[in-house]
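> File name model-v9.cif; file contents mmCIF, C-alpha atoms; full text below.
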data_protein
#
loop_
_atom_site.label_atom_id
_atom_site.label_comp_id
_atom_site.auth_asym_id
_atom_site.auth_seq_id
_atom_site.Cartn_x
_atom_site.Cartn_y
_atom_site.Cartn_z
CA MET A 1 80.46 3.82 155.85
CA ARG A 2 77.83 6.34 156.88
CA ASP A 3 78.58 10.04 156.57
CA LEU A 4 78.92 12.07 159.77
CA SER A 5 79.28 15.80 160.45
CA ILE A 6 80.82 17.22 163.61
CA TYR A 7 79.94 20.49 165.32
CA ILE A 8 82.30 22.05 167.86
CA HIS A 9 80.79 24.71 170.14
CA ILE A 10 83.09 27.45 171.42
CA PRO A 11 81.02 29.58 173.84
CA PHE A 12 83.49 32.45 174.27
CA CYS A 13 83.17 35.96 172.87
CA VAL A 14 84.75 39.37 173.45
CA ARG A 15 81.38 40.90 174.27
CA LYS A 16 77.88 39.55 173.83
CA CYS A 17 76.03 41.31 171.01
CA LEU A 18 72.78 43.01 171.95
CA TYR A 19 70.65 40.69 169.77
CA CYS A 20 72.40 37.42 170.62
CA ASP A 21 70.56 34.60 172.38
CA PHE A 22 73.17 31.93 171.59
CA LEU A 23 74.97 30.05 174.35
CA SER A 24 77.95 32.39 174.70
CA ALA A 25 79.62 34.72 177.20
CA PRO A 26 82.74 36.91 177.50
CA VAL A 27 85.87 34.89 178.04
CA CYS A 28 87.81 34.98 181.34
CA ASP A 29 91.46 34.15 182.01
CA GLY A 30 92.17 30.43 182.18
CA GLN A 31 88.77 29.38 180.86
CA ILE A 32 89.78 28.48 177.33
CA GLU A 33 92.37 25.81 178.08
CA ASN A 34 90.21 24.20 180.77
CA TYR A 35 87.21 24.12 178.44
CA VAL A 36 89.19 22.68 175.54
CA ASN A 37 90.65 19.98 177.82
CA LEU A 38 87.14 18.99 178.85
CA MET A 39 85.98 18.88 175.23
CA LEU A 40 88.96 16.76 174.20
CA ARG A 41 87.93 14.21 176.81
CA GLU A 42 84.39 14.18 175.41
CA ILE A 43 85.60 13.74 171.83
CA LYS A 44 87.90 10.88 172.86
CA GLU A 45 85.17 9.05 174.78
CA GLN A 46 82.56 9.39 172.07
CA SER A 47 84.72 8.57 169.05
CA VAL A 48 84.68 4.84 169.87
CA PHE A 49 80.99 4.69 168.93
CA TYR A 50 81.38 5.98 165.38
CA GLY A 51 83.69 3.44 163.80
CA ASP A 52 81.23 2.91 160.96
CA HIS A 53 81.07 6.64 160.11
CA ARG A 54 83.20 8.88 157.92
CA VAL A 55 83.47 12.57 158.84
CA ILE A 56 82.62 14.76 155.83
CA SER A 57 82.40 18.15 157.58
CA ILE A 58 83.54 19.86 160.76
CA PHE A 59 82.14 23.21 161.90
CA LEU A 60 83.63 25.29 164.71
CA GLY A 61 80.92 27.72 165.82
CA GLY A 62 79.99 29.77 168.81
CA GLY A 63 80.46 32.30 170.32
CA THR A 64 83.60 33.36 168.55
CA PRO A 65 85.82 30.32 167.83
CA SER A 66 88.54 32.58 166.45
CA LEU A 67 89.24 33.71 170.03
CA LEU A 68 90.90 30.35 170.67
CA PRO A 69 94.68 30.35 170.45
CA THR A 70 95.71 28.41 167.34
CA ARG A 71 97.28 25.74 169.55
CA GLU A 72 93.88 24.94 171.09
CA THR A 73 92.15 24.87 167.70
CA GLY A 74 94.83 22.47 166.46
CA ARG A 75 94.40 20.21 169.49
CA ILE A 76 90.66 19.89 168.82
CA LEU A 77 91.14 18.97 165.17
CA GLU A 78 93.96 16.57 166.04
CA GLN A 79 91.75 14.77 168.55
CA ILE A 80 89.01 14.42 165.94
CA ARG A 81 91.45 12.98 163.41
CA ASN A 82 92.84 10.57 166.02
CA GLY A 83 89.41 9.22 166.91
CA PHE A 84 87.38 9.43 163.69
CA ALA A 85 87.75 8.38 160.08
CA VAL A 86 87.98 11.77 158.35
CA ALA A 87 87.35 12.10 154.61
CA GLU A 88 90.25 13.43 152.54
CA ASP A 89 88.03 16.18 151.14
CA VAL A 90 86.48 17.07 154.51
CA GLU A 91 85.02 20.58 154.73
CA ILE A 92 86.30 22.33 157.87
CA THR A 93 84.72 25.70 158.72
CA ILE A 94 85.59 28.12 161.49
CA GLU A 95 83.55 31.20 162.37
CA CYS A 96 85.33 34.44 163.11
CA ASN A 97 84.50 38.05 163.78
CA PRO A 98 86.44 40.84 162.08
CA GLY A 99 89.34 41.97 164.23
CA THR A 100 89.71 38.65 166.11
CA VAL A 101 92.29 37.09 163.77
CA THR A 102 95.78 37.93 162.63
CA ALA A 103 97.58 37.02 159.42
CA GLU A 104 99.57 34.43 161.37
CA LYS A 105 96.46 32.87 162.89
CA LEU A 106 94.80 32.59 159.48
CA GLU A 107 97.88 30.95 158.02
CA ASN A 108 97.91 28.51 160.92
CA TYR A 109 94.28 27.67 160.21
CA ILE A 110 95.28 26.61 156.72
CA THR A 111 98.07 24.49 158.18
CA CYS A 112 95.55 22.83 160.54
CA GLY A 113 93.42 21.85 157.56
CA ILE A 114 90.70 24.47 157.97
CA ASN A 115 89.53 25.28 154.45
CA ARG A 116 86.42 27.42 154.94
CA LEU A 117 86.04 30.71 156.81
CA SER A 118 82.74 32.24 157.92
CA ILE A 119 83.02 35.94 158.79
CA GLY A 120 80.31 37.60 160.89
CA LEU A 121 80.02 40.99 159.22
CA GLN A 122 76.23 41.68 159.53
CA SER A 123 76.46 45.20 158.03
CA THR A 124 78.98 47.51 156.35
CA ASP A 125 77.48 50.54 158.12
CA ASP A 126 79.47 51.35 161.27
CA GLU A 127 76.53 53.07 162.98
CA GLU A 128 74.31 50.06 162.42
CA LEU A 129 77.02 47.79 163.79
CA ALA A 130 77.39 49.94 166.91
CA ARG A 131 73.64 49.86 167.57
CA ILE A 132 73.62 46.08 167.80
CA GLY A 133 76.78 45.89 169.91
CA ARG A 134 79.25 44.53 167.36
CA ILE A 135 82.91 44.94 168.31
CA HIS A 136 84.12 45.84 164.81
CA GLY A 137 83.67 48.29 161.96
CA TYR A 138 83.64 47.78 158.22
CA SER A 139 87.35 48.61 157.96
CA ASP A 140 88.10 45.73 160.36
CA PHE A 141 86.19 43.40 158.07
CA ARG A 142 88.11 44.57 154.99
CA ARG A 143 91.44 43.89 156.72
CA THR A 144 90.29 40.46 157.91
CA TYR A 145 88.99 39.52 154.46
CA THR A 146 92.18 40.62 152.71
CA MET A 147 94.34 38.69 155.18
CA ALA A 148 92.18 35.58 154.71
CA ARG A 149 92.64 35.68 150.93
CA GLU A 150 96.37 36.23 151.30
CA ALA A 151 96.60 33.32 153.77
CA GLY A 152 95.09 31.01 151.14
CA PHE A 153 91.37 30.82 151.90
CA HIS A 154 89.41 30.13 148.73
CA ASN A 155 86.06 29.45 150.39
CA ILE A 156 84.70 32.33 152.47
CA ASN A 157 81.20 32.98 153.76
CA ILE A 158 79.94 36.38 154.91
CA ASP A 159 77.04 36.70 157.35
CA LEU A 160 74.61 39.59 156.84
CA MET A 161 71.53 40.83 158.70
CA ALA A 162 68.53 42.87 157.59
CA GLY A 163 65.98 44.67 159.74
CA LEU A 164 68.59 46.24 162.04
CA PRO A 165 67.67 49.29 164.13
CA GLY A 166 68.09 52.45 162.06
CA GLN A 167 68.67 50.44 158.87
CA SER A 168 67.14 51.70 155.62
CA ILE A 169 66.66 50.19 152.19
CA ALA A 170 69.47 52.41 150.91
CA SER A 171 71.94 51.41 153.63
CA TYR A 172 71.09 47.73 153.24
CA ARG A 173 71.55 47.92 149.47
CA LYS A 174 74.94 49.53 150.05
CA THR A 175 75.89 46.63 152.31
CA LEU A 176 74.90 44.13 149.61
CA GLU A 177 76.85 46.08 146.96
CA ARG A 178 79.99 46.23 149.10
CA VAL A 179 79.85 42.56 150.05
CA VAL A 180 79.30 41.35 146.49
CA ALA A 181 82.24 43.50 145.37
CA HIS A 182 84.49 41.37 147.59
CA SER A 183 83.46 38.23 145.61
CA PRO A 184 82.95 35.80 148.49
CA GLU A 185 81.95 32.23 147.66
CA HIS A 186 78.98 32.19 150.00
CA ILE A 187 76.60 34.67 151.68
CA SER A 188 74.21 33.95 154.56
CA ALA A 189 71.55 36.64 154.87
CA TYR A 190 69.14 36.65 157.81
CA SER A 191 66.46 38.97 159.11
CA LEU A 192 66.91 40.21 162.67
CA ILE A 193 64.69 38.41 165.16
CA LEU A 194 64.13 40.09 168.51
CA GLU A 195 64.58 37.25 170.97
CA GLU A 196 63.17 37.63 174.47
CA GLY A 197 65.84 38.11 177.10
CA THR A 198 68.36 39.79 174.82
CA LEU A 199 69.44 43.34 175.58
CA LEU A 200 68.04 44.53 172.27
CA TYR A 201 64.65 43.08 173.15
CA VAL A 202 64.67 44.51 176.68
CA ASN A 203 65.55 48.00 175.37
CA ARG A 204 63.62 47.76 172.09
CA LYS A 205 61.61 50.93 172.78
CA ALA A 206 64.83 52.94 172.61
CA TYR A 207 65.39 51.93 168.97
CA THR A 208 63.67 52.59 165.68
CA PHE A 209 63.30 49.42 163.65
CA PRO A 210 62.32 49.15 159.98
CA ASP A 211 58.57 48.73 159.64
CA GLU A 212 57.06 45.54 158.25
CA GLU A 213 56.88 46.85 154.69
CA THR A 214 60.51 47.99 154.72
CA ASP A 215 61.64 44.69 156.19
CA ARG A 216 59.75 42.93 153.42
CA GLU A 217 61.46 45.07 150.78
CA MET A 218 64.86 44.20 152.24
CA TYR A 219 64.00 40.50 152.09
CA GLU A 220 62.99 40.72 148.44
CA LEU A 221 66.00 42.88 147.61
CA THR A 222 68.34 40.24 149.02
CA GLY A 223 67.13 37.49 146.72
CA ARG A 224 66.93 39.71 143.66
CA PHE A 225 70.27 41.46 144.14
CA LEU A 226 72.29 38.35 145.00
CA GLY A 227 70.64 36.38 142.20
CA GLU A 228 71.62 39.02 139.66
CA ALA A 229 75.15 38.96 141.09
CA GLY A 230 75.45 35.24 140.33
CA PHE A 231 74.70 33.75 143.74
CA HIS A 232 72.46 30.69 143.70
CA ARG A 233 69.89 30.55 146.48
CA TYR A 234 70.03 26.94 147.67
CA GLU A 235 68.37 27.41 151.06
CA ILE A 236 65.96 30.01 152.37
CA SER A 237 68.72 32.19 153.90
CA ASN A 238 71.82 30.94 152.08
CA TYR A 239 73.33 31.89 148.73
CA ALA A 240 76.37 30.41 147.03
CA ALA A 241 78.52 30.71 143.96
CA GLU A 242 78.47 27.66 141.71
CA GLY A 243 79.64 24.57 143.61
CA ARG A 244 80.16 26.46 146.89
CA GLU A 245 77.13 25.39 148.91
CA CYS A 246 77.93 24.68 152.56
CA ARG A 247 78.21 20.92 152.94
CA HIS A 248 77.79 21.06 156.71
CA ASN A 249 74.56 23.05 156.66
CA LYS A 250 73.00 20.76 154.07
CA VAL A 251 73.50 17.82 156.42
CA TYR A 252 71.05 19.50 158.82
CA TRP A 253 68.41 20.10 156.16
CA ARG A 254 68.76 16.57 154.79
CA ARG A 255 68.61 14.99 158.26
CA GLY A 256 72.05 13.43 158.06
CA ASP A 257 73.95 12.19 161.11
CA TYR A 258 75.79 14.85 163.09
CA VAL A 259 77.30 14.93 166.55
CA GLY A 260 78.02 18.06 168.57
CA PHE A 261 80.77 18.49 171.15
CA GLY A 262 80.98 21.15 173.81
CA LEU A 263 78.61 23.10 176.00
CA GLY A 264 74.99 22.91 174.83
CA ALA A 265 75.94 21.24 171.52
CA SER A 266 73.13 19.37 169.73
CA SER A 267 73.36 16.04 167.90
CA MET A 268 71.27 13.67 165.82
CA VAL A 269 72.41 10.16 165.00
CA GLY A 270 70.20 7.32 163.85
CA ASN A 271 66.99 9.33 164.42
CA VAL A 272 67.82 10.13 168.02
CA ARG A 273 68.24 13.79 168.97
CA TRP A 274 70.00 15.04 172.08
CA LYS A 275 72.02 17.95 173.42
CA ASN A 276 74.73 18.52 175.96
CA PRO A 277 74.01 20.44 179.18
CA ASP A 278 74.10 24.24 178.98
CA GLU A 279 75.77 24.73 182.38
CA HIS A 280 79.50 24.13 182.69
CA ALA A 281 79.30 22.11 185.92
CA GLU A 282 76.63 19.82 184.44
CA TYR A 283 78.62 19.45 181.24
CA ALA A 284 81.74 18.50 183.22
CA ALA A 285 79.74 15.94 185.18
CA CYS A 286 78.38 14.57 181.89
CA VAL A 287 81.90 14.07 180.53
CA GLU A 288 82.94 12.33 183.75
CA LYS A 289 79.99 9.95 183.40
CA MET A 290 81.06 9.19 179.85
CA GLU A 291 84.45 8.18 181.22
CA SER A 292 82.89 5.79 183.70
CA ASP A 293 83.68 2.20 182.74
CA GLY A 294 80.15 1.04 183.52
CA GLN A 295 78.52 3.76 181.44
CA ARG A 296 80.86 3.18 178.53
CA GLU A 297 80.15 -0.54 178.55
CA ALA A 298 76.39 0.08 178.69
CA ALA A 299 76.67 2.42 175.74
CA ARG A 300 78.77 -0.09 173.81
CA ILE A 301 76.17 -2.80 174.41
CA SER A 302 73.40 -0.51 173.19
CA MET A 303 75.32 0.45 170.10
CA ARG A 304 76.31 -3.18 169.40
CA GLN A 305 72.75 -4.41 169.83
CA GLY A 306 71.55 -1.60 167.60
CA ALA A 307 73.97 -2.58 164.87
CA GLN A 308 72.84 -6.19 165.08
CA GLY A 309 69.19 -5.19 165.04
CA THR A 310 69.69 -3.05 161.97
CA GLN A 311 71.87 -5.44 160.00
CA GLY A 312 70.39 -8.76 161.09
CA THR A 313 71.96 -11.69 162.95
CA GLY A 314 73.18 -15.12 162.01
CA THR A 315 75.62 -16.12 159.31
CA GLY A 316 75.74 -16.95 155.63
CA ALA A 317 72.51 -17.03 153.67
CA ASP A 318 70.32 -16.37 156.72
CA ARG A 319 72.10 -13.12 157.51
CA ALA A 320 72.07 -12.08 153.84
CA VAL A 321 68.31 -12.57 153.72
CA ARG A 322 67.83 -10.50 156.86
CA ILE A 323 69.97 -7.69 155.49
CA ALA A 324 68.08 -7.75 152.19
CA GLU A 325 64.73 -7.63 154.01
CA ALA A 326 65.86 -4.66 156.11
CA GLU A 327 66.93 -2.82 152.97
CA THR A 328 63.84 -3.57 150.89
CA ASN A 329 61.19 -3.56 153.62
CA PRO A 330 61.02 -0.09 155.18
CA ALA A 331 58.51 -1.23 157.85
CA MET A 332 60.90 -3.96 159.06
CA ARG A 333 63.87 -1.63 158.97
CA MET A 334 62.06 1.09 160.92
CA LYS A 335 60.87 -1.42 163.53
CA LYS A 336 64.43 -2.58 164.12
CA GLU A 337 65.70 0.96 164.04
CA GLY A 338 63.09 1.96 166.61
CA ALA A 339 64.39 -0.67 169.04
CA TRP A 340 67.93 0.61 168.49
CA ASN A 341 66.76 4.21 169.03
CA ARG A 342 65.24 3.37 172.39
CA MET A 343 68.36 1.60 173.64
CA PHE A 344 70.65 4.33 172.33
CA ALA A 345 68.50 7.04 173.93
CA GLU A 346 68.64 5.30 177.30
CA SER A 347 72.45 5.12 177.17
CA LEU A 348 72.54 8.85 176.39
CA ARG A 349 70.28 9.70 179.33
CA ASN A 350 72.51 7.65 181.61
CA THR A 351 75.45 9.90 180.76
CA GLY A 352 73.54 13.09 181.61
CA ARG A 353 72.62 14.29 178.13
CA CYS A 354 69.61 16.61 177.93
CA GLU A 355 66.47 16.57 175.80
CA VAL A 356 67.10 13.05 174.54
CA GLN A 357 64.43 12.31 171.94
CA PRO A 358 64.09 9.11 169.92
CA LEU A 359 62.10 10.32 166.92
CA THR A 360 58.93 8.45 166.07
CA PRO A 361 58.20 7.58 162.41
CA GLN A 362 55.66 10.44 162.40
CA GLU A 363 58.25 12.93 163.66
CA GLN A 364 60.76 11.66 161.09
CA MET A 365 58.26 12.21 158.29
CA GLU A 366 57.50 15.72 159.54
CA GLU A 367 61.19 16.60 159.66
CA PHE A 368 61.80 15.06 156.24
CA MET A 369 59.28 17.50 154.82
CA PHE A 370 59.75 20.78 156.67
CA LEU A 371 63.54 20.58 156.87
CA GLY A 372 64.00 19.35 153.32
CA LEU A 373 61.68 22.03 151.96
CA ARG A 374 64.06 24.70 153.25
CA LEU A 375 66.32 23.70 150.37
CA THR A 376 65.34 25.24 147.05
CA GLU A 377 65.75 21.82 145.40
CA GLY A 378 62.95 20.60 147.67
CA VAL A 379 62.31 16.99 148.70
CA ASP A 380 62.30 13.78 146.69
CA LEU A 381 58.97 11.97 147.17
CA GLU A 382 60.42 8.72 145.83
CA GLU A 383 63.01 8.91 148.57
CA PHE A 384 60.14 9.43 151.05
CA TRP A 385 58.59 6.14 149.90
CA GLN A 386 61.90 4.29 149.97
CA TYR A 387 62.57 5.38 153.53
CA PHE A 388 59.11 5.24 155.12
CA GLY A 389 57.40 2.62 152.97
CA LYS A 390 54.48 4.97 152.42
CA ASN A 391 53.45 7.16 149.54
CA ALA A 392 53.77 10.83 150.48
CA ASP A 393 50.39 11.44 148.87
CA GLU A 394 48.81 9.08 151.40
CA ILE A 395 50.18 11.15 154.26
CA TYR A 396 50.32 14.68 152.87
CA GLY A 397 48.15 14.58 149.75
CA LYS A 398 45.65 17.17 150.97
CA GLN A 399 48.34 19.61 152.11
CA MET A 400 50.36 19.25 148.91
CA ARG A 401 47.36 19.75 146.65
CA THR A 402 46.27 22.83 148.62
CA PHE A 403 49.70 24.46 148.54
CA VAL A 404 50.16 23.70 144.84
CA GLU A 405 46.75 25.22 144.06
CA GLN A 406 47.69 28.30 146.09
CA GLY A 407 50.90 28.70 144.11
CA LEU A 408 53.08 28.10 147.16
CA MET A 409 54.53 24.77 146.00
CA GLU A 410 55.21 22.99 142.74
CA ARG A 411 55.83 19.39 141.73
CA GLU A 412 58.37 18.44 139.10
CA GLY A 413 58.30 14.67 138.70
CA PRO A 414 59.12 13.19 142.11
CA ARG A 415 60.32 16.53 143.48
CA LEU A 416 58.22 18.83 145.62
CA LYS A 417 59.54 22.31 146.34
CA LEU A 418 58.51 25.78 147.40
CA THR A 419 57.80 28.45 144.80
CA PRO A 420 59.19 31.97 145.35
CA ARG A 421 55.82 32.85 146.91
CA GLY A 422 56.06 29.77 149.11
CA ILE A 423 59.50 30.75 150.33
CA ASP A 424 58.08 34.11 151.37
CA VAL A 425 55.57 32.40 153.70
CA SER A 426 57.62 29.29 154.39
CA ASN A 427 56.83 29.05 158.10
CA ALA A 428 53.10 28.81 157.38
CA VAL A 429 53.76 26.13 154.75
CA PHE A 430 56.00 24.14 157.08
CA ALA A 431 53.32 24.17 159.78
CA GLY A 432 51.03 22.41 157.31
CA PHE A 433 53.28 19.34 157.39
CA LEU A 434 53.00 18.81 161.14
CA LEU A 435 50.74 15.79 161.52
#
Spit out the file's structure as structure tokens when you get a sec.


Amino acid sequence: MRDLSIYIHIPFCVRKCLYCDFLSAPVCDGQIENYVNLMLREIKEQSVFYGDHRVISIFLGGGTPSLLPTRETGRILEQIRNGFAVAEDVEITIECNPGTVTAEKLENYITCGINRLSIGLQSTDDEELARIGRIHGYSDFRRTYTMAREAGFHNINIDLMAGLPGQSIASYRKTLERVVAHSPEHISAYSLILEEGTLLYVNRKAYTFPDEETDREMYELTGRFLGEAGFHRYEISNYAAEGRECRHNKVYWRRGDYVGFGLGASSMVGNVRWKNPDEHAEYAACVEKMESDGQREAARISMRQGAQGTQGTGTGADRAVRIAEAETNPAMRMKKEGAWNRMFAESLRNTGRCEVQPLTPQEQMEEFMFLGLRLTEGVDLEEFWQYFGKNADEIYGKQMRTFVEQGLMEREGPRLKLTPRGIDVSNAVFAGFLL
């Protein structure tokens, strides 16, 4: 069976943070149950197409998923288990903000099978938190963290941000010291990006932001401080204790199959990318189309034809030969996969999905490189050949030689990865792999 990850988007929040450009909005009475009911219908309709997949991770993100009553969270996970083959050791993560959970809710999460908690702290400085519109203070985080440990959570991530308005090297270091003292299993540390349209961007002249040099110092401090504290940097912005890397996030960087449910949720299965509509009315119409008998049958035909095209047709020795050829001949496999991609994409468009994109071999190669290079382990060039039937040096030889000579990348046997200097200018390096 092929591995599959599931993302659940919960768009509700208490109040939208000033820097946030995610698809989220304050919750209104009656919205939650109606939204969950709609999502349950989507999960039910789509589960029939993933009988050959095994779910290895589930991630409830948002928004603030912890605003859902535990009953609704349980209904979502129950529907997934009813429709999908779920691995016994599945990683199930839910995001929460300090102050949005109780001891009882956290205990119920454990009962539901949720085994990983991601807490959006951002800073331990209450003034910094207030400037970016967070609804909590550091004391709220401490209470939430203590309750989570007492409830039985042994895998906790803490989100942090650098480059906040009014933030200094000293205050950021204090945040790192306080967070490390709590001994979480995982830390995600990002630099603030001023996104157009956010309130922080619109009112940016009213704030004093760290200058470029200070922001750079914070970035370097993060890696150095967390490394010395025993956290392994396995992705550009993610650090983990030994054996505690986030399984779900690594699926994205390794281009595994994942399907998203809910408003605006993105998916990629079989080298086809798509997303759900961002507007509620359009999303509801999309779910209704999925429930249409004609659309479901069209989708089934596409999926069935795709499976036949990938695995070969016929019986006995003839079918075995076709399967062997598809496995050992990347060009043949990709040709058949391309036909499946086109049919699958058309069935997705017919149900109202947005931005449906069957990836070309060139786009797949680009993603293999610039997504995989986000991981500190880098990419396996032998795997590149096995998948694409081409030597990476034929496609990217000039770029790789240049970056190695510049000290931005290094090759260790079949592995190609960024150096510390390369990580610092990763976006420029990634751009070099766009054909």

> Report as a tab-separated table: every residue of region 105-211 of chain A with an atom at most 7 Å from region 59-81 of chain A, its closest pair of atoms, and their distance in Å to one decimal, counting all atoms listed in the file, with rows sorted by chain and ascending residue number.


residue	atom	partner	partner_atom	distance
A:Lys105	CA	A:Thr70	CA	6.3
A:Asn108	CA	A:Thr70	CA	6.8
A:Cys112	CA	A:Gly74	CA	6.0

> Give me, please, the distance in Å between CA of His232 (chain A) and CA of Val55 (chain A), quoted to one decimal.

26.1 Å

> Nearest to Arg204 (chain A): which of A:Leu18, A:Gly113, A:Met343, A:Met365 is it, counting only C-alpha atoms?

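Nearest to Arg204 (chain A): A:Leu18.
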
> Compile the contact shell of Ile114 (chain A) as a list in words: residues with an atom at most 8 Å away, counting all atoms listed in the file, same-chain residues fewer than 2 positions apart removed.

Glu91, Ile92, Thr93, Ile94, Tyr109, Ile110, Thr111, Cys112, Arg116 and Leu117 of chain A

> Write the selection just made, keeping C-alpha atoms, as a compact mmCIF listing (two decimals), in the frame of the given file?


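Output contents, as saved in out09.txt:
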# COMPACT_ATOMS: atom_id res chain seq x y z
CA GLU A 91 85.02 20.58 154.73
CA ILE A 92 86.30 22.33 157.87
CA THR A 93 84.72 25.70 158.72
CA ILE A 94 85.59 28.12 161.49
CA TYR A 109 94.28 27.67 160.21
CA ILE A 110 95.28 26.61 156.72
CA THR A 111 98.07 24.49 158.18
CA CYS A 112 95.55 22.83 160.54
CA ARG A 116 86.42 27.42 154.94
CA LEU A 117 86.04 30.71 156.81

> With a distance cut-off of 10 Å and only C-alpha atoms, select the neighbouring residues of Ile119 (chain A), excluding the residue or stretch itself and same-chain residues fewer than 6 positions from it, and output the selection as a list in words.

Ile94, Glu95, Cys96, Asn97, Pro98, Phe141, Thr144, Tyr145, Ile156, Asn157, Ile158, Asp159, Leu160, Ile187 and Ser188 of chain A

> Evaluate the PyMOL selection byres ((chain A and resi 397-411) around 8) and record the selected residues as a list of chain:residue names, following the chain and residue labels used in the document.

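Output of the PyMOL selection byres ((chain A and resi 397-411) around 8): A:Ala392, A:Asp393, A:Glu394, A:Ile395, A:Tyr396, A:Glu412, A:Gly413, A:Pro414, A:Arg415, A:Leu416, A:Lys417, A:Leu418, A:Thr419, A:Pro420, A:Arg421, A:Gly422, A:Ile423, A:Val429, A:Gly432, A:Phe433.
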
> For this file, the PyMOL selection byres ((chain A and resi 154) around 9) selects which residues, as a PyMOL selection string?

chain A and resi 115-117+148-149+152-153+155-156+184-185

> Apply the PyMOL selection byres ((chain A and resi 172-180) around 9) to the structure shown and report the selected residues as a PDB file with C-alpha atoms, in the coordinates of the input.


ATOM      1  CA  GLN A 122      76.230  41.680 159.530  1.00  0.00           C
ATOM      2  CA  SER A 123      76.460  45.200 158.030  1.00  0.00           C
ATOM      3  CA  THR A 124      78.980  47.510 156.350  1.00  0.00           C
ATOM      4  CA  ASP A 125      77.480  50.540 158.120  1.00  0.00           C
ATOM      5  CA  ILE A 158      79.940  36.380 154.910  1.00  0.00           C
ATOM      6  CA  LEU A 160      74.610  39.590 156.840  1.00  0.00           C
ATOM      7  CA  MET A 161      71.530  40.830 158.700  1.00  0.00           C
ATOM      8  CA  ALA A 162      68.530  42.870 157.590  1.00  0.00           C
ATOM      9  CA  GLY A 163      65.980  44.670 159.740  1.00  0.00           C
ATOM     10  CA  GLN A 167      68.670  50.440 158.870  1.00  0.00           C
ATOM     11  CA  SER A 168      67.140  51.700 155.620  1.00  0.00           C
ATOM     12  CA  ILE A 169      66.660  50.190 152.190  1.00  0.00           C
ATOM     13  CA  ALA A 170      69.470  52.410 150.910  1.00  0.00           C
ATOM     14  CA  SER A 171      71.940  51.410 153.630  1.00  0.00           C
ATOM     15  CA  ALA A 181      82.240  43.500 145.370  1.00  0.00           C
ATOM     16  CA  HIS A 182      84.490  41.370 147.590  1.00  0.00           C
ATOM     17  CA  SER A 183      83.460  38.230 145.610  1.00  0.00           C
ATOM     18  CA  PRO A 184      82.950  35.800 148.490  1.00  0.00           C
ATOM     19  CA  ILE A 187      76.600  34.670 151.680  1.00  0.00           C
ATOM     20  CA  MET A 218      64.860  44.200 152.240  1.00  0.00           C
ATOM     21  CA  LEU A 221      66.000  42.880 147.610  1.00  0.00           C
ATOM     22  CA  THR A 222      68.340  40.240 149.020  1.00  0.00           C
ATOM     23  CA  PHE A 225      70.270  41.460 144.140  1.00  0.00           C
ATOM     24  CA  LEU A 226      72.290  38.350 145.000  1.00  0.00           C
ATOM     25  CA  ALA A 229      75.150  38.960 141.090  1.00  0.00           C
TER      26      ALA A 229
END

> Just want the 7 Å neighbourhood of Pro165 (chain A), counted on all atoms listed in the file, with same-chain residues fewer than 6 positions away dropped. Output as a VMD selection string.

chain A and resid 128 131 207 to 210

> Out of A:Glu282, A:His136, A:Trp274, A:Gly256, which residue has the shortest atom-to-atom distance to Arg349 (chain A) when counting all atoms listed in the file?

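Checking each candidate against Arg349 (chain A), we get A:Trp274 as the closest.
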
> Using all atoms listed in the file, which residues sit within 9 Å of Asn238 (chain A) once same-chain residues fewer than 3 positions away are excluded, as a VMD selection string?

chain A and resid 186 to 190 232 to 235 245 to 246

> Tell me, as a list in words, which residues lie within 9 Å of Phe430 (chain A), counting all atoms listed in the file; anything in the same chain fewer than 4 positions away does not count.

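Once the nearby chain positions are removed, what remains is Glu366, Met369, Phe370, Leu371, Leu373, Arg374, Val425, Ser426 and Leu434 of chain A.
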
> Go through A:Gln31, A:Asn276, A:Thr376, A:Gln362 and flag the residue nearest Phe388 (chain A), using only C-alpha atoms for the distances.

A:Gln362

> Report, in Å with one decimal, the straight-line distance from CA of Glu127 (chain A) to CA of Gly166 (chain A).

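Between these atoms lies a distance of 8.5 Å.
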
> For Phe22 (chain A), which residue out of A:Gln46, A:Thr198, A:Ser347, A:Ser237 is the nearest one, using only C-alpha atoms?

A:Thr198

> Kindly indicate which residue among A:Leu4, A:Leu23, A:Ile43, A:Ala130 lies nearest to Leu263 (chain A), using only C-alpha atoms for the distances.

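Between A:Leu4, A:Leu23, A:Ile43, A:Ala130, the residue approaching Leu263 (chain A) most closely is A:Leu23.
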